[in-house]
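Dumped run16.txt below, it's compact mmCIF, C-alpha atoms:
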```txt
# COMPACT_ATOMS: atom_id res chain seq x y z
CA MET A 1329 108.05 130.59 96.23
CA ALA A 1330 104.51 131.08 97.46
CA SER A 1331 103.02 128.32 99.52
CA GLY A 1332 99.55 129.53 100.32
CA SER A 1333 97.09 127.70 102.49
CA SER A 1334 96.34 124.18 101.55
CA GLY A 1335 94.76 120.97 102.78
CA PRO A 1336 95.14 120.12 106.46
CA THR A 1337 97.88 117.59 105.80
CA GLU A 1338 100.44 119.96 104.26
CA ASP A 1339 103.44 120.89 106.34
CA LEU A 1340 103.29 124.37 107.64
CA GLY A 1341 106.49 126.22 106.94
CA THR A 1342 107.34 124.68 103.58
CA LEU A 1343 108.59 127.56 101.59
CA THR A 1344 108.14 126.01 98.21
CA ASP A 1345 105.93 123.34 96.77
CA VAL A 1346 108.78 121.47 95.20
CA GLU A 1347 109.44 119.23 98.18
CA PRO A 1348 105.80 118.26 98.65
CA LEU A 1349 105.49 117.58 94.94
CA LYS A 1350 108.60 115.43 94.98
CA ARG A 1351 107.27 113.56 97.98
CA ALA A 1352 103.86 113.05 96.35
CA TRP A 1353 105.59 111.79 93.21
CA ARG A 1354 107.79 109.35 95.09
CA ASN A 1355 104.94 107.99 97.14
CA GLU A 1356 102.71 107.61 94.12
CA LYS A 1357 105.45 105.84 92.22
CA ALA A 1358 106.23 103.41 95.00
CA ALA A 1359 102.68 102.60 96.09
CA PRO A 1360 100.90 99.65 94.50
CA GLU A 1361 97.53 101.41 94.60
CA ILE A 1362 96.49 104.88 93.65
CA LEU A 1363 96.81 107.48 96.37
CA ARG A 1364 94.69 110.51 97.10
CA TYR A 1365 94.94 113.23 94.50
CA GLU A 1366 96.74 116.25 95.88
CA THR A 1367 94.29 118.80 94.55
CA HIS A 1368 95.65 121.89 96.25
CA LEU A 1369 99.28 121.05 95.72
CA ILE A 1370 98.88 120.30 92.04
CA TYR A 1371 96.84 123.40 91.50
CA ARG A 1372 99.45 125.60 93.12
CA VAL A 1373 102.31 123.94 91.28
CA SER A 1374 100.56 124.40 87.94
CA LYS A 1375 100.13 128.06 88.70
CA GLN A 1376 103.76 128.43 89.69
CA ILE A 1377 104.83 126.73 86.50
CA GLU A 1378 102.71 129.11 84.43
CA LEU A 1379 104.25 132.04 86.25
CA LEU A 1380 107.75 130.78 85.67
CA GLU A 1381 107.06 130.16 82.01
CA GLY A 1382 105.94 133.75 81.70
CA THR A 1383 109.06 134.94 83.46
CA VAL A 1384 111.32 132.98 81.15
CA ASP A 1385 109.52 134.43 78.13
CA ASP A 1386 109.99 137.93 79.51
CA PHE A 1387 113.66 137.29 80.11
CA THR A 1388 114.12 136.11 76.57
CA GLU A 1389 112.45 139.21 75.24
CA ASP A 1390 114.46 141.50 77.45
CA GLY A 1391 117.68 139.92 76.32
CA VAL A 1392 118.76 138.68 79.69
CA ASP A 1393 121.99 136.68 79.86
CA PRO A 1394 121.29 133.40 77.99
CA LEU A 1395 123.03 131.42 80.70
CA MET A 1396 120.56 132.61 83.28
CA ILE A 1397 117.67 131.89 80.97
CA SER A 1398 118.84 128.35 80.37
CA LEU A 1399 119.20 127.76 84.10
CA TYR A 1400 115.69 128.99 84.77
CA GLN A 1401 114.50 126.82 81.93
CA MET A 1402 116.20 123.80 83.49
CA ASP A 1403 114.50 124.42 86.78
CA LEU A 1404 111.21 124.74 84.98
CA ASP A 1405 111.83 121.53 83.05
CA ARG A 1406 112.53 119.67 86.25
CA ILE A 1407 109.30 120.76 87.90
CA GLN A 1408 107.32 119.98 84.79
CA PHE A 1409 108.83 116.54 84.70
CA LEU A 1410 107.71 115.89 88.28
CA LEU A 1411 104.22 117.08 87.60
CA ARG A 1412 103.81 115.15 84.39
CA SER A 1413 105.29 112.00 85.82
CA TYR A 1414 102.97 112.24 88.80
CA LEU A 1415 99.93 112.54 86.59
CA ARG A 1416 101.15 109.84 84.26
CA ILE A 1417 101.74 107.30 87.00
CA ARG A 1418 98.25 107.88 88.28
CA LEU A 1419 96.82 107.36 84.83
CA GLN A 1420 98.70 104.11 84.48
CA LYS A 1421 97.29 102.88 87.75
CA ILE A 1422 93.83 104.00 86.77
CA GLU A 1423 94.02 102.16 83.48
CA LYS A 1424 95.21 99.06 85.19
CA TYR A 1425 92.62 99.01 87.94
CA MET A 1426 89.73 100.87 86.39
CA PHE A 1427 87.04 98.38 87.21
CA HIS A 1428 88.26 98.00 90.73
CA LEU A 1429 88.06 101.75 91.21
CA LEU A 1430 84.58 101.96 89.83
CA LEU A 1431 83.38 99.29 92.21
CA LYS A 1432 84.91 100.88 95.26
CA LYS A 1433 82.71 103.96 95.26
CA GLN A 1434 84.21 105.65 98.26
CA GLU A 1435 87.80 105.34 97.16
CA PHE A 1436 86.73 106.50 93.76
CA HIS A 1437 85.37 109.71 95.11
CA GLU A 1438 88.11 110.41 97.58
CA LYS A 1439 91.15 109.60 95.57
CA LEU A 1440 90.61 110.81 92.03
CA SER A 1441 90.52 114.27 90.58
CA LYS A 1442 87.54 115.43 88.57
CA GLU A 1443 89.30 114.83 85.29
CA GLU A 1444 90.48 111.42 86.41
CA LYS A 1445 86.96 110.40 87.34
CA ALA A 1446 85.70 111.32 83.90
CA PHE A 1447 88.60 109.43 82.39
CA VAL A 1448 87.82 106.27 84.35
CA GLN A 1449 84.20 106.30 83.29
CA ARG A 1450 85.05 106.70 79.64
CA CYS A 1451 87.86 104.21 79.76
CA ALA A 1452 85.76 101.59 81.48
CA GLU A 1453 82.89 102.07 79.07
CA ASP A 1454 85.19 101.69 76.11
CA MET A 1455 86.87 98.64 77.58
CA LYS A 1456 83.57 97.01 78.44
CA LYS A 1457 82.23 97.67 74.99
CA HIS A 1458 85.35 96.25 73.42
CA LEU A 1459 85.34 93.12 75.54
CA ASP A 1460 81.63 92.60 75.05
CA GLU A 1461 81.86 92.86 71.33
CA SER A 1462 84.97 90.86 70.80
CA VAL A 1463 84.68 88.12 73.38
CA LEU A 1464 82.00 88.18 76.01
CA SER A 1465 78.95 88.16 73.83
CA HIS A 1466 80.26 85.00 72.21
CA LEU A 1467 80.55 83.13 75.47
CA PRO A 1468 77.74 81.14 77.06
CA LYS A 1469 75.27 83.15 79.08
CA ASN A 1470 76.73 82.62 82.50
CA TYR A 1471 80.21 83.69 81.51
CA GLN A 1472 79.32 87.05 80.08
CA SER A 1473 79.90 89.24 83.05
CA ILE A 1474 82.87 91.51 82.91
CA LEU A 1475 83.18 91.39 86.64
CA LYS A 1476 82.78 87.76 87.52
CA GLN A 1477 84.07 84.60 86.02
CA PHE A 1478 80.79 82.85 86.36
CA THR A 1479 77.40 84.03 87.46
CA THR A 1480 74.51 81.86 88.50
CA VAL A 1481 70.83 82.51 88.37
CA GLU A 1482 70.55 82.65 92.15
CA GLU A 1483 72.50 85.73 93.09
CA ASP A 1484 74.67 85.14 96.15
CA ASP A 1485 75.57 88.08 98.24
CA ALA A 1486 78.92 86.51 98.88
CA GLU A 1487 79.77 86.69 95.22
CA VAL A 1488 83.21 87.84 94.42
CA ASP A 1489 84.09 90.01 91.45
CA ASP A 1490 86.93 87.78 90.57
CA MET A 1491 87.54 89.09 87.10
CA VAL A 1492 88.49 92.47 88.45
CA PRO A 1493 92.21 92.95 88.98
CA GLU A 1494 92.97 94.55 92.29
CA PRO A 1495 96.08 96.40 93.31
CA PRO A 1496 98.44 94.07 95.17
CA LEU A 1497 98.40 95.57 98.61
CA ASP A 1498 100.69 92.92 100.03
CA THR A 1499 103.58 94.08 97.90
CA PHE A 1500 106.60 94.92 99.96
CA VAL A 1501 107.63 98.52 99.99
CA VAL A 1502 110.42 100.43 101.64
CA CYS A 1503 109.12 103.13 103.88
CA ILE A 1504 110.79 105.78 105.97
CA ALA A 1505 109.21 107.11 109.12
CA ARG A 1506 108.74 110.83 109.47
CA GLU A 1507 107.68 110.65 113.07
CA TYR A 1508 107.71 108.06 115.78
CA VAL A 1509 105.42 105.17 114.95
CA GLY A 1510 104.35 102.80 117.69
CA PRO A 1511 103.54 99.11 117.30
CA SER A 1512 99.82 99.63 117.51
CA GLU A 1513 99.81 101.89 114.51
CA PHE A 1514 100.73 99.21 112.04
CA GLN A 1515 97.77 97.41 110.64
CA ASP A 1516 97.52 93.71 111.17
CA SER A 1517 99.29 91.45 108.87
CA SER A 1518 96.96 89.46 106.68
CA ASP A 1519 99.37 86.57 106.65
CA SER A 1520 98.24 84.21 109.39
CA LEU A 1521 101.58 82.46 109.44
CA ALA A 1522 103.45 85.65 110.06
CA MET A 1523 105.72 85.93 113.00
CA ASP A 1524 104.48 89.29 114.01
CA LEU A 1525 107.37 91.15 115.44
CA PRO A 1526 106.47 94.09 117.63
CA LEU A 1527 107.29 96.92 115.32
CA GLU A 1528 108.05 100.48 116.00
CA MET A 1529 109.88 103.11 114.02
CA GLU A 1530 111.86 106.12 115.08
CA PRO A 1531 111.91 109.09 112.72
CA GLY A 1532 114.28 108.28 109.90
CA ASP A 1533 114.02 104.52 110.30
CA LEU A 1534 113.53 102.38 107.25
CA SER A 1535 111.37 99.34 107.01
CA PHE A 1536 110.80 96.80 104.32
CA ILE A 1537 107.20 95.94 104.92
CA PRO A 1538 104.00 94.91 103.13
CA TYR A 1539 102.17 97.93 101.87
CA ARG A 1540 98.93 96.93 103.52
CA ARG A 1541 100.41 97.41 106.96
CA ILE A 1542 101.48 100.98 106.45
CA LYS A 1543 98.64 102.13 104.23
CA LYS A 1544 97.02 104.17 106.96
CA LEU A 1545 100.34 105.59 108.05
CA LEU A 1546 101.02 106.74 104.54
CA GLU A 1547 97.65 108.46 104.37
CA SER A 1548 98.30 110.28 107.58
CA ARG A 1549 101.76 111.32 106.37
CA LYS A 1550 103.58 109.53 109.13
CA VAL A 1551 105.67 107.59 106.66
CA ASP A 1552 106.89 108.11 103.15
CA LEU A 1553 107.72 105.51 100.56
CA VAL A 1554 111.08 105.32 98.92
CA MET B 1133 91.59 91.52 81.81
CA ALA B 1134 94.94 92.18 80.32
CA ALA B 1135 97.25 94.27 82.42
CA GLN B 1136 98.08 97.04 80.03
CA SER B 1137 101.54 98.39 79.39
CA CYS B 1138 104.18 97.76 82.01
CA SER B 1139 103.49 96.17 85.32
CA GLN B 1140 106.65 97.63 86.76
CA PHE B 1141 105.58 101.22 86.82
CA HIS B 1142 106.48 101.51 90.44
CA VAL B 1143 110.15 100.92 89.89
CA PHE B 1144 112.47 103.88 89.93
CA SER B 1145 114.73 103.93 86.92
CA ALA B 1146 118.36 104.90 87.23
CA GLU B 1147 117.62 108.24 85.60
CA GLU B 1148 114.87 108.94 88.07
CA ILE B 1149 117.09 108.19 91.02
CA GLU B 1150 119.71 110.48 89.57
CA PHE B 1151 117.02 113.10 89.16
CA ILE B 1152 116.21 112.92 92.85
CA ALA B 1153 119.89 113.01 93.76
CA GLU B 1154 120.47 116.09 91.65
CA ASP B 1155 118.57 118.22 94.12
CA GLU B 1156 121.15 117.68 96.81
CA LEU B 1157 123.13 120.78 97.66
CA ILE B 1158 126.80 121.04 96.91
CA GLU B 1159 129.42 123.75 97.14
CA ILE B 1160 130.78 125.46 94.09
CA VAL B 1161 133.35 128.16 93.53
CA PRO B 1162 132.25 130.35 90.62
CA ASN B 1163 134.76 132.04 88.38
CA MET B 1164 132.29 134.59 87.07
CA ARG B 1165 129.73 137.04 88.25
CA MET B 1166 126.01 136.38 87.99
CA ASP B 1167 122.88 137.75 89.59
CA GLN B 1168 120.81 135.84 92.04
CA LEU B 1169 118.66 133.07 90.62
CA ASN B 1170 115.12 133.04 91.93
CA LEU B 1171 114.29 129.49 91.13
CA ILE B 1172 111.08 127.77 92.05
CA ARG B 1173 112.81 125.81 94.76
CA GLY B 1174 114.65 128.72 96.30
CA ASP B 1175 117.06 131.54 95.74
CA PHE B 1176 120.66 130.86 94.85
CA GLY B 1177 123.51 133.26 94.44
CA PRO B 1178 124.37 136.00 93.72
CA PHE B 1179 127.48 134.50 92.23
CA LEU B 1180 130.80 136.22 92.73
CA PRO B 1181 134.19 135.06 91.54
CA GLN B 1182 136.03 132.91 94.10
CA ILE B 1183 133.24 133.15 96.65
CA ALA B 1184 131.98 129.67 97.48
CA THR B 1185 128.24 129.14 97.48
CA GLU B 1186 125.81 126.25 97.74
CA VAL B 1187 123.62 125.19 94.86
CA PRO B 1188 121.70 122.09 93.84
CA LEU B 1189 123.82 119.47 92.14
CA TRP B 1190 122.08 119.82 88.76
CA LEU B 1191 122.87 123.51 88.76
CA ALA B 1192 126.48 122.87 89.76
CA VAL B 1193 126.92 120.40 86.91
CA ALA B 1194 125.32 122.79 84.43
CA LEU B 1195 127.65 125.60 85.45
CA LYS B 1196 130.67 123.32 85.48
CA LYS B 1197 129.90 122.12 81.97
CA ARG B 1198 129.96 125.70 80.80
CA GLY B 1199 133.24 126.29 82.54
CA LYS B 1200 131.74 128.73 85.00
CA CYS B 1201 132.83 127.19 88.26
CA ARG B 1202 134.76 124.58 90.18
CA ILE B 1203 132.91 122.04 92.26
CA ARG B 1204 134.07 121.33 95.79
CA PRO B 1205 133.77 117.62 96.46
CA PRO B 1206 131.72 116.96 99.58
CA GLU B 1207 133.52 116.34 102.81
CA TRP B 1208 132.78 112.61 102.83
CA MET B 1209 134.39 112.12 99.46
CA SER B 1210 137.97 112.27 100.63
CA VAL B 1211 140.37 109.35 100.66
CA GLU B 1212 140.74 109.49 104.47
CA LYS B 1213 137.02 109.62 105.16
CA LEU B 1214 136.21 106.87 102.71
CA THR B 1215 138.94 104.62 104.05
CA GLN B 1216 137.46 105.03 107.52
CA VAL B 1217 134.01 104.23 106.22
CA LEU B 1218 135.23 101.16 104.39
CA GLU B 1219 136.97 99.77 107.46
CA ALA B 1220 133.94 100.41 109.60
CA GLU B 1221 131.69 98.72 107.06
CA ARG B 1222 133.91 95.67 107.00
CA ASP B 1223 134.06 95.47 110.77
CA SER B 1224 130.37 95.56 111.39
CA GLU B 1225 128.15 92.84 110.00
CA LYS B 1226 124.80 94.45 110.32
CA GLU B 1227 125.32 98.14 110.71
CA PHE B 1228 125.81 100.56 107.89
CA GLN B 1229 127.91 103.65 108.18
CA VAL B 1230 126.49 107.06 107.70
CA LEU B 1231 126.77 108.10 104.12
CA PRO B 1232 124.58 110.59 102.36
CA PHE B 1233 121.35 109.27 100.99
CA HIS B 1234 122.45 109.40 97.39
CA TYR B 1235 126.16 108.92 97.70
CA VAL B 1236 126.28 106.66 94.66
CA GLU B 1237 124.57 109.11 92.35
CA ILE B 1238 126.35 112.14 93.69
CA SER B 1239 129.74 110.55 93.25
CA ARG B 1240 128.88 109.32 89.77
CA LEU B 1241 127.83 112.78 88.65
CA LEU B 1242 130.99 114.25 90.06
CA PHE B 1243 133.18 111.59 88.45
CA ASP B 1244 131.55 112.26 85.12
CA HIS B 1245 131.66 116.03 85.16
CA ALA B 1246 134.16 117.26 87.70
CA GLN B 1247 137.11 114.90 87.54
CA ASP B 1248 139.60 117.70 87.81
CA ASP B 1249 138.02 118.89 91.04
CA ILE B 1250 138.48 115.63 92.90
CA PRO B 1251 141.90 114.98 94.39
CA ASP B 1252 143.14 111.35 94.13
CA ILE B 1253 140.20 110.45 92.01
CA TYR B 1254 141.33 106.90 91.30
CA MET B 1255 141.71 106.11 94.97
CA VAL B 1256 138.35 107.67 95.71
CA ARG B 1257 136.68 105.71 92.97
CA SER B 1258 138.14 102.41 94.05
CA LEU B 1259 137.24 103.01 97.70
CA MET B 1260 133.69 103.81 96.74
CA GLU B 1261 133.38 100.65 94.72
CA ASP B 1262 134.65 98.62 97.64
CA ILE B 1263 132.24 100.29 100.01
CA ARG B 1264 129.40 99.60 97.64
CA ASP B 1265 130.35 95.94 97.37
CA VAL B 1266 130.48 95.49 101.12
CA ARG B 1267 127.15 97.18 101.62
CA PHE B 1268 125.45 95.23 98.86
CA HIS B 1269 126.72 92.05 100.36
CA LYS B 1270 125.18 93.04 103.69
CA VAL B 1271 121.85 93.76 102.07
CA GLU B 1272 121.93 90.44 100.31
CA THR B 1273 122.67 88.48 103.47
CA SER B 1274 119.97 90.18 105.42
CA LEU B 1275 117.44 89.61 102.68
CA GLU B 1276 118.32 85.95 102.74
CA THR B 1277 117.17 85.73 106.33
CA PHE B 1278 113.89 86.99 105.10
CA ASP B 1279 111.79 83.87 105.00
CA GLY B 1280 108.25 83.35 103.80
CA ARG B 1281 106.79 83.89 107.21
CA THR B 1282 108.22 87.26 107.98
CA SER B 1283 105.61 89.90 107.62
CA ALA B 1284 108.01 92.73 108.06
CA VAL B 1285 111.73 92.86 108.24
CA GLN B 1286 112.72 94.00 111.66
CA ALA B 1287 116.36 93.85 110.67
CA PHE B 1288 115.90 96.57 108.16
CA GLN B 1289 115.04 99.01 110.85
CA LYS B 1290 118.59 98.91 112.00
CA LEU B 1291 119.85 99.53 108.54
CA GLY B 1292 118.94 103.14 108.67
CA ASN B 1293 121.66 104.08 106.30
CA MET B 1294 121.12 101.55 103.62
CA VAL B 1295 118.70 103.75 101.76
CA PRO B 1296 121.12 104.37 98.94
CA GLU B 1297 121.17 100.64 98.33
CA THR B 1298 117.39 100.47 98.32
CA ASP B 1299 117.25 103.18 95.75
CA SER B 1300 119.67 101.42 93.53
CA VAL B 1301 117.82 98.17 93.90
CA PRO B 1302 115.09 98.85 91.37
CA SER B 1303 112.61 96.11 91.83
CA THR B 1304 112.21 96.10 95.56
CA ARG B 1305 108.59 95.46 94.80
CA PRO B 1306 108.62 91.74 94.52
CA GLN B 1307 106.16 89.68 92.61
CA GLY B 1308 105.80 86.00 93.32
CA THR B 1309 105.45 84.27 96.60
CA ASP B 1310 108.89 83.22 97.74
CA LYS B 1311 110.22 86.26 99.47
CA ALA B 1312 113.77 85.12 99.90
CA ALA B 1313 114.04 84.32 96.23
CA ARG B 1314 112.57 87.67 95.48
CA GLY B 1315 115.24 89.29 97.54
CA ARG B 1316 117.96 87.59 95.61
CA ARG B 1317 116.35 88.43 92.29
CA ILE B 1318 116.13 92.02 93.41
CA LEU B 1319 119.80 92.40 93.92
CA ARG B 1320 120.70 91.19 90.51
CA GLY B 1321 119.02 94.36 89.31
CA ARG B 1322 121.80 96.83 89.62
```
Go ahead and render the structure in this file as structure tokens.
Amino acid sequence: MASGSSGPTEDLGTLTDVEPLKRAWRNEKAAPEILRYETHLIYRVSKQIELLEGTVDDFTEDGVDPLMISLYQMDLDRIQFLLRSYLRIRLQKIEKYMFHLLLKKQEFHEKLSKEEKAFVQRCAEDMKKHLDESVLSHLPKNYQSILKQFTTVEEDDAEVDDMVPEPPLDTFVVCIAREYVGPSEFQDSSDSLAMDLPLEMEPGDLSFIPYRRIKKLLESRKVDLV
Amino acid sequence: MAAQSCSQFHVFSAEEIEFIAEDELIEIVPNMRMDQLNLIRGDFGPFLPQIATEVPLWLAVALKKRGKCRIRPPEWMSVEKLTQVLEAERDSEKEFQVLPFHYVEISRLLFDHAQDDIPDIYMVRSLMEDIRDVRFHKVETSLETFDGRTSAVQAFQKLGNMVPETDSVPSTRPQGTDKAARGRRILRGR
């Protein structure tokens, strides 16, 4: 039940890390792009899981009531599921958008854990090698880039890496406000035809809204995704 | 670049929604004695015969399965309360009544595992189905007003209590460009 000190965005006064982990899992699952890795939270949760595993082993040795043991085991299983699912979702997103992540250096550094960064590098190298060998090297010179459909001899600086899949930030998500959110805090809609309604959210309000508009709010913990 | 594996990873499956719902607290009446459980999420118990106590739903179901307790259905799950809710839902076109976040999952778990603890279970079940139908219909109509130019659905802000429906509408992450059509596709999900 220890909480310990953590990153500046953790709620003070959470007694356990289960709620934050559940929240991180839900947000990660609902968001179209990868979110920041919760280093401190995950570290603490892993430690707590280890501790609990040890406790369950001790109980079994001491011959504690099997009912109690199985209940502790259930609790443990549930936490492990959350943790694993969280990590797995992130890996899926990484695999899907690996080139995009490598290109966006800043996001890459801020959002991924150390292990994830190593994974992306290896994954991208393997993928590039595979594509080069099986397809790209057989295409005419200008079509060989893994990042662009077509490159020309004169390098434009307005060139777009159009072969790189990007996370769809305009996907609609359902979000719930944790605090009051005023109209100015929503980012501008990218849709020029949009009838921009002045939006605000009271705590507990739900909105069905493009992810792009609440991205910053999610990062600052003002909203959660459902 | 091929998009590997499933593109729908951000959809909550029914099991996952149930998983979330299982953390809700519910009252049980144990028929045995057991020491306090120091679980990762908190302490529960100690358990004494006939002394009601609150535990997470997953724990309640586990104990009930082993014949160690009765489950007290939540206050909102009575025939009177549900009838009120149903009438109110039918009267108001846009507003949703206050029901717990996961009322669908909670009631399903209780129907499956604690039938003998729910008075008038058939009535309760039928009322809940009616309520669900009315609410789904409301969600559907409001999504239909959601045209291609809306960048955010203002209407949804009023539907503060429709979260259970959102949860049970798996692919609320539409692909494609026609948003109204998306909305309708969504609701065929569950």
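Of the residues listed (A:Arg1418, A:Gln1472, A:Glu1530, A:Glu1513), A:Arg1418 shows the shortest atom-to-atom separation from Ser1441 of chain A; distances use all atoms listed in the file.
If only C-alpha atoms are the atoms counted, then among B:Arg1198, B:Arg1173, B:Lys1213, B:Arg1165 the closest residue to Ala1246 of chain B is B:Arg1198.
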What is the distance, in Å and to one decimal place, between atom CA of Tyr1508 of chain A and atom CA of Ala1359 of chain A?
21.0 Å
Closest of A:Ile1422, A:Leu1411, A:Cys1503, A:Met1455 to Arg1372 of chain A, counting all atoms listed in the file, is A:Leu1411
State, in Å with one decimal place, the distance from atom CA of Arg1540 of chain A to atom CA of Leu1363 of chain A.
12.9 Å
